[in-house]
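Engineer: You'll find my_file_17.cif just under this line, and it carries mmCIF, C-alpha atoms.
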data_protein
loop_
_atom_site.label_atom_id
_atom_site.label_comp_id
_atom_site.auth_asym_id
_atom_site.auth_seq_id
_atom_site.Cartn_x
_atom_site.Cartn_y
_atom_site.Cartn_z
CA GLN A 1 12.91 -11.74 8.19
CA VAL A 2 10.55 -10.88 5.37
CA LEU A 3 11.63 -8.97 2.29
CA LEU A 4 8.95 -6.75 0.79
CA VAL A 5 9.28 -5.33 -2.71
CA GLU A 6 6.79 -2.80 -4.03
CA SER A 7 6.16 -2.18 -7.71
CA GLY A 8 3.62 -0.57 -9.98
CA GLY A 9 4.22 3.08 -9.24
CA GLY A 10 4.62 5.71 -11.91
CA LEU A 11 3.37 8.97 -13.38
CA VAL A 12 -0.35 9.26 -14.06
CA GLN A 13 -2.76 12.09 -14.80
CA ALA A 14 -5.39 13.11 -12.30
CA GLY A 15 -8.37 10.81 -12.56
CA GLY A 16 -6.24 7.90 -13.65
CA SER A 17 -5.51 4.58 -12.00
CA LEU A 18 -2.55 2.56 -10.83
CA ARG A 19 -2.21 -0.85 -9.22
CA LEU A 20 0.59 -1.31 -6.73
CA SER A 21 1.95 -4.73 -5.80
CA CYS A 22 3.91 -5.81 -2.77
CA ALA A 23 5.68 -9.12 -3.20
CA ALA A 24 6.97 -10.81 -0.08
CA SER A 25 9.78 -13.33 0.17
CA GLY A 26 11.78 -14.98 2.93
CA ARG A 27 8.72 -16.17 4.78
CA THR A 28 4.98 -16.34 4.30
CA ILE A 29 2.88 -13.29 5.10
CA SER A 30 -0.34 -15.28 5.22
CA SER A 31 -0.66 -14.73 8.98
CA ASP A 32 0.16 -11.02 8.91
CA PRO A 33 -2.13 -8.07 8.64
CA MET A 34 -0.70 -6.08 5.76
CA ASN A 35 -0.63 -2.35 5.35
CA TRP A 36 0.08 0.39 2.88
CA PHE A 37 1.52 3.70 4.01
CA ARG A 38 2.65 6.71 2.03
CA GLN A 39 4.96 9.65 2.51
CA ALA A 40 4.69 12.86 0.54
CA PRO A 41 7.61 15.31 0.25
CA GLY A 42 8.03 17.25 3.46
CA LYS A 43 5.37 15.27 5.28
CA GLU A 44 5.32 12.42 7.74
CA ARG A 45 4.52 8.88 6.69
CA GLU A 46 0.79 8.27 6.88
CA PHE A 47 -1.48 5.26 6.93
CA VAL A 48 -3.36 4.41 3.74
CA ALA A 49 -5.00 0.99 4.09
CA THR A 50 -4.86 -2.29 5.98
CA ILE A 51 -6.09 -5.81 5.35
CA SER A 52 -6.47 -8.70 7.74
CA TRP A 53 -4.57 -11.95 7.28
CA SER A 54 -7.59 -13.59 5.66
CA GLY A 55 -8.52 -10.61 3.55
CA SER A 56 -11.97 -10.44 5.10
CA VAL A 57 -11.43 -7.14 6.90
CA THR A 58 -10.13 -3.94 5.37
CA TYR A 59 -9.84 -0.39 6.59
CA TYR A 60 -8.92 2.83 4.80
CA ALA A 61 -7.81 6.32 5.57
CA ALA A 62 -10.63 8.77 5.02
CA SER A 63 -8.66 10.48 2.27
CA VAL A 64 -8.64 7.36 0.07
CA LYS A 65 -11.82 5.55 1.07
CA GLY A 66 -13.99 4.81 -1.95
CA ARG A 67 -11.08 5.29 -4.35
CA PHE A 68 -8.47 2.75 -3.21
CA THR A 69 -8.89 -0.99 -2.68
CA ILE A 70 -6.46 -3.20 -0.79
CA SER A 71 -6.40 -6.92 -1.51
CA ARG A 72 -4.12 -9.90 -1.07
CA ASP A 73 -3.30 -13.24 -2.60
CA ASN A 74 -1.76 -15.41 0.09
CA ALA A 75 -0.96 -18.13 -2.42
CA LYS A 76 1.27 -15.62 -4.20
CA ASN A 77 2.50 -14.00 -0.98
CA THR A 78 1.49 -10.67 -2.47
CA VAL A 79 -0.59 -7.67 -1.46
CA TYR A 80 -2.11 -5.14 -3.84
CA LEU A 81 -3.38 -1.59 -3.76
CA GLN A 82 -5.73 -0.60 -6.57
CA MET A 83 -5.84 3.17 -6.80
CA ASN A 84 -8.59 4.83 -8.85
CA SER A 85 -9.62 8.45 -9.36
CA LEU A 86 -6.13 9.57 -8.42
CA LYS A 87 -5.58 13.14 -7.28
CA PRO A 88 -2.42 15.27 -7.21
CA GLU A 89 -2.48 15.04 -3.42
CA ASP A 90 -1.99 11.27 -3.72
CA THR A 91 1.55 11.95 -4.93
CA ALA A 92 3.90 10.17 -2.53
CA ILE A 93 6.19 7.22 -2.03
CA TYR A 94 4.01 4.23 -1.18
CA TYR A 95 5.33 1.65 1.26
CA CYS A 96 4.19 -1.85 2.05
CA ASN A 97 4.33 -3.03 5.66
CA ALA A 98 3.81 -6.39 7.32
CA GLY A 99 2.36 -6.63 10.78
CA GLY A 100 2.13 -2.97 11.69
CA PRO A 101 4.25 0.20 11.75
CA SER A 102 6.12 -0.83 14.90
CA THR A 103 7.73 -3.74 13.06
CA ASP A 104 10.81 -3.43 10.88
CA SER A 105 9.07 -5.12 7.96
CA TRP A 106 8.98 -2.40 5.32
CA GLY A 107 9.56 -2.32 1.60
CA GLN A 108 11.75 0.24 -0.15
CA GLY A 109 8.75 2.07 -1.54
CA THR A 110 7.43 2.91 -4.98
CA GLN A 111 6.91 6.46 -6.26
CA VAL A 112 3.46 7.54 -7.36
CA THR A 113 3.18 10.90 -9.07
CA VAL A 114 -0.19 12.33 -10.09
CA SER A 115 -0.14 15.31 -12.43
CA SER A 116 -2.94 17.85 -12.57
#
Turn this file's structure into structure tokens for me.

Structural biologist:
Amino acid sequence: QVLLVESGGGLVQAGGSLRLSCAASGRTISSDPMNWFRQAPGKEREFVATISWSGSVTYYAASVKGRFTISRDNAKNTVYLQMNSLKPEDTAIYYCNAGGPSTDSWGQGTQVTVSS
């Protein structure tokens, strides 16, 4: 069982940046595709970004493409989400996931709040 712990969230003004981290423990995630999801108040959890096990392939939701960058450091067992040009509509709890949404490998989430 992998334990995922997100960090790096906070309050930022529109146009600002944040870098989220997802630290894994319990086992290596070097063979897992890793994902970021988010859930805004009153809305369903939605996909944000994914990265292949090697880091060579990434894919983004249309709403964040060009602004967010997912990366990973397998030596540190950590995945990152660099978020630039933040908008108020990016306000949500951001969750890290290992292997896909059908797994039970989720972090507890980190709150991101973007003020206008």

Engineer: Please list as a list of chain:residue names every residue within 12 Å of segment 29-31 of chain A, counting all atoms listed in the file and excluding residues in the same chain fewer than 3 positions away.

Structural biologist: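 Surrounding residues, per the criterion: A:Gln1, A:Val2, A:Leu3, A:Leu4, A:Cys22, A:Ala23, A:Ala24, A:Ser25, A:Gly26, A:Met34, A:Asn35, A:Ile51, A:Ser52, A:Trp53, A:Ser54, A:Gly55, A:Arg72, A:Asp73, A:Asn74, A:Ala75, A:Lys76, A:Asn77, A:Thr78, A:Val79, A:Cys96, A:Asn97, A:Ala98, A:Gly99, A:Ser105.
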
Engineer: Let's have the selection written as an mmCIF file, in the coordinates of the input, with C-alpha atoms.

Structural biologist:
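Contents of result-v8.cif, as written:
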data_model
loop_
_atom_site.group_PDB
_atom_site.id
_atom_site.type_symbol
_atom_site.label_atom_id
_atom_site.label_comp_id
_atom_site.auth_asym_id
_atom_site.auth_seq_id
_atom_site.Cartn_x
_atom_site.Cartn_y
_atom_site.Cartn_z
ATOM 1 C CA GLN A 1 12.910 -11.740 8.190
ATOM 2 C CA VAL A 2 10.550 -10.880 5.370
ATOM 3 C CA LEU A 3 11.630 -8.970 2.290
ATOM 4 C CA LEU A 4 8.950 -6.750 0.790
ATOM 5 C CA CYS A 22 3.910 -5.810 -2.770
ATOM 6 C CA ALA A 23 5.680 -9.120 -3.200
ATOM 7 C CA ALA A 24 6.970 -10.810 -0.080
ATOM 8 C CA SER A 25 9.780 -13.330 0.170
ATOM 9 C CA GLY A 26 11.780 -14.980 2.930
ATOM 10 C CA MET A 34 -0.700 -6.080 5.760
ATOM 11 C CA ASN A 35 -0.630 -2.350 5.350
ATOM 12 C CA ILE A 51 -6.090 -5.810 5.350
ATOM 13 C CA SER A 52 -6.470 -8.700 7.740
ATOM 14 C CA TRP A 53 -4.570 -11.950 7.280
ATOM 15 C CA SER A 54 -7.590 -13.590 5.660
ATOM 16 C CA GLY A 55 -8.520 -10.610 3.550
ATOM 17 C CA ARG A 72 -4.120 -9.900 -1.070
ATOM 18 C CA ASP A 73 -3.300 -13.240 -2.600
ATOM 19 C CA ASN A 74 -1.760 -15.410 0.090
ATOM 20 C CA ALA A 75 -0.960 -18.130 -2.420
ATOM 21 C CA LYS A 76 1.270 -15.620 -4.200
ATOM 22 C CA ASN A 77 2.500 -14.000 -0.980
ATOM 23 C CA THR A 78 1.490 -10.670 -2.470
ATOM 24 C CA VAL A 79 -0.590 -7.670 -1.460
ATOM 25 C CA CYS A 96 4.190 -1.850 2.050
ATOM 26 C CA ASN A 97 4.330 -3.030 5.660
ATOM 27 C CA ALA A 98 3.810 -6.390 7.320
ATOM 28 C CA GLY A 99 2.360 -6.630 10.780
ATOM 29 C CA SER A 105 9.070 -5.120 7.960
#

Engineer: Quick one: residues within 8 Å of Gly15 of chain A, all atoms listed in the file counted, chain neighbours fewer than 5 positions away excluded, as a count of residues only?

Structural biologist: 4

Engineer: Report the centre and edge lengths, in Å to one decimal, of an axis-aligned box enclosing every atom of segment 98-113 of chain A listed in the file, padded by 6 Å on each side, as JSON.

Structural biologist:
{"center_x": 6.9, "center_y": 2.1, "center_z": 2.9, "size_x": 21.6, "size_y": 29.5, "size_z": 36.0}

Engineer: Just to confirm, what's the straight-line distance from atom CA of Leu20 of chain A to atom CA of Met83 of chain A in Å (one decimal)?

Structural biologist: 7.8 Å

Engineer: Using only C-alpha atoms, find all polymer residues with an atom at most 10 Å away from the point (9.6, 2.2, 1.5); report them as a list in words.

Structural biologist: Leu4, Val5, Glu6, Trp36, Phe37, Arg38, Gln39, Arg45, Ile93, Tyr94, Tyr95, Cys96, Asn97, Ser105, Trp106, Gly107, Gln108, Gly109, Thr110 and Gln111 of chain A

Engineer: Counting all atoms listed in the file, which residue out of A:Thr91, A:Thr28, A:Thr58, A:Ser102 sits closest to Ala14 of chain A?

Structural biologist: A:Thr91

Engineer: Just the number, please: distance in Å from atom CA of Glu44 of chain A to atom CA of Arg27 of chain A, one decimal.

Structural biologist: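 Distance between the two atoms: 28.9 Å.
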
Engineer: With the PyMOL selection byres ((chain A and resi 9) around 8) as the selection, what would be picked from this file? Answer as number ranges by chain, please.

Structural biologist: A: 7-8, 10-11, 18-20, 110-113

Engineer: Using atom CA of Pro88 of chain A and atom CA of Ala49 of chain A as the two end points, give the distance in Å to one decimal.

Structural biologist: 18.4 Å

Engineer: Smallest atom-to-atom distance to Val48 of chain A: which of A:Ala92, A:Tyr60, A:Asp104, A:Thr69, using all atoms listed in the file?

Structural biologist: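 The answer is A:Tyr60, which sits nearest to Val48 of chain A.
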
Engineer: From the options A:Ser115, A:Thr103, A:Glu89, A:Gln82, which residue's atoms come nearest to Ser63 of chain A, counting all atoms listed in the file?

Structural biologist: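 Answer, going by the shortest atom-to-atom distance: A:Glu89.
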
Engineer: Dump all heavy atoms of segment 11-27 of chain A from the given block, as a PDB file, in the first residue's frame.

Structural biologist:
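File selection.pdb, as written:
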ATOM      1  N   LEU A  11      -2.986  30.035  -0.447  1.00  0.00           N
ATOM      2  CA  LEU A  11      -3.767  31.140  -1.001  1.00  0.00           C
ATOM      3  C   LEU A  11      -2.856  31.979  -1.893  1.00  0.00           C
ATOM      4  O   LEU A  11      -1.764  32.387  -1.467  1.00  0.00           O
ATOM      5  CB  LEU A  11      -4.334  31.996   0.130  1.00  0.00           C
ATOM      6  CG  LEU A  11      -5.059  33.284  -0.266  1.00  0.00           C
ATOM      7  CD1 LEU A  11      -6.298  32.970  -1.100  1.00  0.00           C
ATOM      8  CD2 LEU A  11      -5.425  34.092   0.976  1.00  0.00           C
ATOM      9  N   VAL A  12      -3.298  32.236  -3.101  1.00  0.00           N
ATOM     10  CA  VAL A  12      -2.500  33.011  -4.056  1.00  0.00           C
ATOM     11  C   VAL A  12      -3.428  33.908  -4.865  1.00  0.00           C
ATOM     12  O   VAL A  12      -4.603  33.576  -5.069  1.00  0.00           O
ATOM     13  CB  VAL A  12      -1.696  32.068  -4.972  1.00  0.00           C
ATOM     14  CG1 VAL A  12      -2.614  31.205  -5.825  1.00  0.00           C
ATOM     15  CG2 VAL A  12      -0.700  32.824  -5.814  1.00  0.00           C
ATOM     16  N   GLN A  13      -2.916  35.027  -5.303  1.00  0.00           N
ATOM     17  CA  GLN A  13      -3.707  35.924  -6.144  1.00  0.00           C
ATOM     18  C   GLN A  13      -3.748  35.404  -7.575  1.00  0.00           C
ATOM     19  O   GLN A  13      -2.837  34.689  -8.023  1.00  0.00           O
ATOM     20  CB  GLN A  13      -3.117  37.327  -6.124  1.00  0.00           C
ATOM     21  CG  GLN A  13      -3.319  38.069  -4.814  1.00  0.00           C
ATOM     22  CD  GLN A  13      -2.893  39.523  -4.900  1.00  0.00           C
ATOM     23  OE1 GLN A  13      -2.008  39.887  -5.655  1.00  0.00           O
ATOM     24  NE2 GLN A  13      -3.542  40.370  -4.092  1.00  0.00           N
ATOM     25  N   ALA A  14      -4.782  35.780  -8.279  1.00  0.00           N
ATOM     26  CA  ALA A  14      -4.890  35.417  -9.689  1.00  0.00           C
ATOM     27  C   ALA A  14      -3.642  35.875 -10.427  1.00  0.00           C
ATOM     28  O   ALA A  14      -3.142  36.979 -10.209  1.00  0.00           O
ATOM     29  CB  ALA A  14      -6.134  36.041 -10.302  1.00  0.00           C
ATOM     30  N   GLY A  15      -3.154  34.992 -11.301  1.00  0.00           N
ATOM     31  CA  GLY A  15      -1.929  35.266 -12.027  1.00  0.00           C
ATOM     32  C   GLY A  15      -0.688  34.722 -11.360  1.00  0.00           C
ATOM     33  O   GLY A  15       0.393  34.693 -11.969  1.00  0.00           O
ATOM     34  N   GLY A  16      -0.833  34.302 -10.115  1.00  0.00           N
ATOM     35  CA  GLY A  16       0.299  33.788  -9.369  1.00  0.00           C
ATOM     36  C   GLY A  16       0.603  32.333  -9.664  1.00  0.00           C
ATOM     37  O   GLY A  16      -0.027  31.709 -10.544  1.00  0.00           O
ATOM     38  N   SER A  17       1.559  31.805  -8.920  1.00  0.00           N
ATOM     39  CA  SER A  17       2.018  30.430  -9.134  1.00  0.00           C
ATOM     40  C   SER A  17       2.107  29.676  -7.820  1.00  0.00           C
ATOM     41  O   SER A  17       2.314  30.269  -6.755  1.00  0.00           O
ATOM     42  CB  SER A  17       3.402  30.427  -9.795  1.00  0.00           C
ATOM     43  OG  SER A  17       3.388  31.042 -11.062  1.00  0.00           O
ATOM     44  N   LEU A  18       1.952  28.372  -7.917  1.00  0.00           N
ATOM     45  CA  LEU A  18       2.180  27.461  -6.807  1.00  0.00           C
ATOM     46  C   LEU A  18       2.800  26.188  -7.361  1.00  0.00           C
ATOM     47  O   LEU A  18       2.558  25.825  -8.519  1.00  0.00           O
ATOM     48  CB  LEU A  18       0.885  27.101  -6.085  1.00  0.00           C
ATOM     49  CG  LEU A  18       0.254  28.135  -5.160  1.00  0.00           C
ATOM     50  CD1 LEU A  18      -1.110  27.634  -4.695  1.00  0.00           C
ATOM     51  CD2 LEU A  18       1.143  28.428  -3.974  1.00  0.00           C
ATOM     52  N   ARG A  19       3.566  25.507  -6.521  1.00  0.00           N
ATOM     53  CA  ARG A  19       4.113  24.209  -6.891  1.00  0.00           C
ATOM     54  C   ARG A  19       3.668  23.187  -5.856  1.00  0.00           C
ATOM     55  O   ARG A  19       4.030  23.293  -4.684  1.00  0.00           O
ATOM     56  CB  ARG A  19       5.637  24.249  -6.955  1.00  0.00           C
ATOM     57  CG  ARG A  19       6.253  22.969  -7.521  1.00  0.00           C
ATOM     58  CD  ARG A  19       7.732  22.918  -7.263  1.00  0.00           C
ATOM     59  NE  ARG A  19       8.416  21.900  -8.046  1.00  0.00           N
ATOM     60  CZ  ARG A  19       9.578  21.341  -7.694  1.00  0.00           C
ATOM     61  NH1 ARG A  19      10.171  21.700  -6.562  1.00  0.00           N
ATOM     62  NH2 ARG A  19      10.143  20.426  -8.472  1.00  0.00           N
ATOM     63  N   LEU A  20       2.881  22.232  -6.305  1.00  0.00           N
ATOM     64  CA  LEU A  20       2.423  21.163  -5.438  1.00  0.00           C
ATOM     65  C   LEU A  20       3.401  19.993  -5.502  1.00  0.00           C
ATOM     66  O   LEU A  20       3.978  19.721  -6.561  1.00  0.00           O
ATOM     67  CB  LEU A  20       1.037  20.685  -5.842  1.00  0.00           C
ATOM     68  CG  LEU A  20      -0.057  21.743  -5.940  1.00  0.00           C
ATOM     69  CD1 LEU A  20      -1.402  21.075  -6.254  1.00  0.00           C
ATOM     70  CD2 LEU A  20      -0.152  22.562  -4.687  1.00  0.00           C
ATOM     71  N   SER A  21       3.537  19.311  -4.381  1.00  0.00           N
ATOM     72  CA  SER A  21       4.353  18.101  -4.315  1.00  0.00           C
ATOM     73  C   SER A  21       3.497  16.953  -3.811  1.00  0.00           C
ATOM     74  O   SER A  21       2.577  17.158  -3.018  1.00  0.00           O
ATOM     75  CB  SER A  21       5.540  18.301  -3.386  1.00  0.00           C
ATOM     76  OG  SER A  21       6.401  19.322  -3.854  1.00  0.00           O
ATOM     77  N   CYS A  22       3.840  15.769  -4.250  1.00  0.00           N
ATOM     78  CA  CYS A  22       3.180  14.556  -3.791  1.00  0.00           C
ATOM     79  C   CYS A  22       4.282  13.564  -3.448  1.00  0.00           C
ATOM     80  O   CYS A  22       4.930  13.011  -4.351  1.00  0.00           O
ATOM     81  CB  CYS A  22       2.253  13.998  -4.857  1.00  0.00           C
ATOM     82  SG  CYS A  22       1.597  12.342  -4.493  1.00  0.00           S
ATOM     83  N   ALA A  23       4.493  13.368  -2.167  1.00  0.00           N
ATOM     84  CA  ALA A  23       5.540  12.459  -1.706  1.00  0.00           C
ATOM     85  C   ALA A  23       4.939  11.099  -1.399  1.00  0.00           C
ATOM     86  O   ALA A  23       3.950  11.009  -0.660  1.00  0.00           O
ATOM     87  CB  ALA A  23       6.218  13.029  -0.476  1.00  0.00           C
ATOM     88  N   ALA A  24       5.537  10.073  -1.967  1.00  0.00           N
ATOM     89  CA  ALA A  24       5.048   8.719  -1.770  1.00  0.00           C
ATOM     90  C   ALA A  24       5.952   7.957  -0.810  1.00  0.00           C
ATOM     91  O   ALA A  24       7.175   8.151  -0.805  1.00  0.00           O
ATOM     92  CB  ALA A  24       4.985   7.984  -3.102  1.00  0.00           C
ATOM     93  N   SER A  25       5.341   7.096  -0.028  1.00  0.00           N
ATOM     94  CA  SER A  25       6.096   6.222   0.872  1.00  0.00           C
ATOM     95  C   SER A  25       5.394   4.874   0.961  1.00  0.00           C
ATOM     96  O   SER A  25       4.245   4.732   0.552  1.00  0.00           O
ATOM     97  CB  SER A  25       6.232   6.844   2.258  1.00  0.00           C
ATOM     98  OG  SER A  25       4.964   7.056   2.840  1.00  0.00           O
ATOM     99  N   GLY A  26       6.081   3.899   1.469  1.00  0.00           N
ATOM    100  CA  GLY A  26       5.515   2.560   1.598  1.00  0.00           C
ATOM    101  C   GLY A  26       5.941   1.642   0.475  1.00  0.00           C
ATOM    102  O   GLY A  26       6.089   0.430   0.689  1.00  0.00           O
ATOM    103  N   ARG A  27       6.061   2.170  -0.694  1.00  0.00           N
ATOM    104  CA  ARG A  27       6.594   1.441  -1.837  1.00  0.00           C
ATOM    105  C   ARG A  27       7.011   2.454  -2.902  1.00  0.00           C
ATOM    106  O   ARG A  27       6.605   3.613  -2.853  1.00  0.00           O
ATOM    107  CB  ARG A  27       5.573   0.469  -2.436  1.00  0.00           C
ATOM    108  CG  ARG A  27       4.345   1.125  -3.069  1.00  0.00           C
ATOM    109  CD  ARG A  27       3.585   0.100  -3.906  1.00  0.00           C
ATOM    110  NE  ARG A  27       2.354   0.633  -4.474  1.00  0.00           N
ATOM    111  CZ  ARG A  27       2.294   1.334  -5.597  1.00  0.00           C
ATOM    112  NH1 ARG A  27       3.408   1.641  -6.258  1.00  0.00           N
ATOM    113  NH2 ARG A  27       1.124   1.734  -6.071  1.00  0.00           N
TER     114      ARG A  27
END
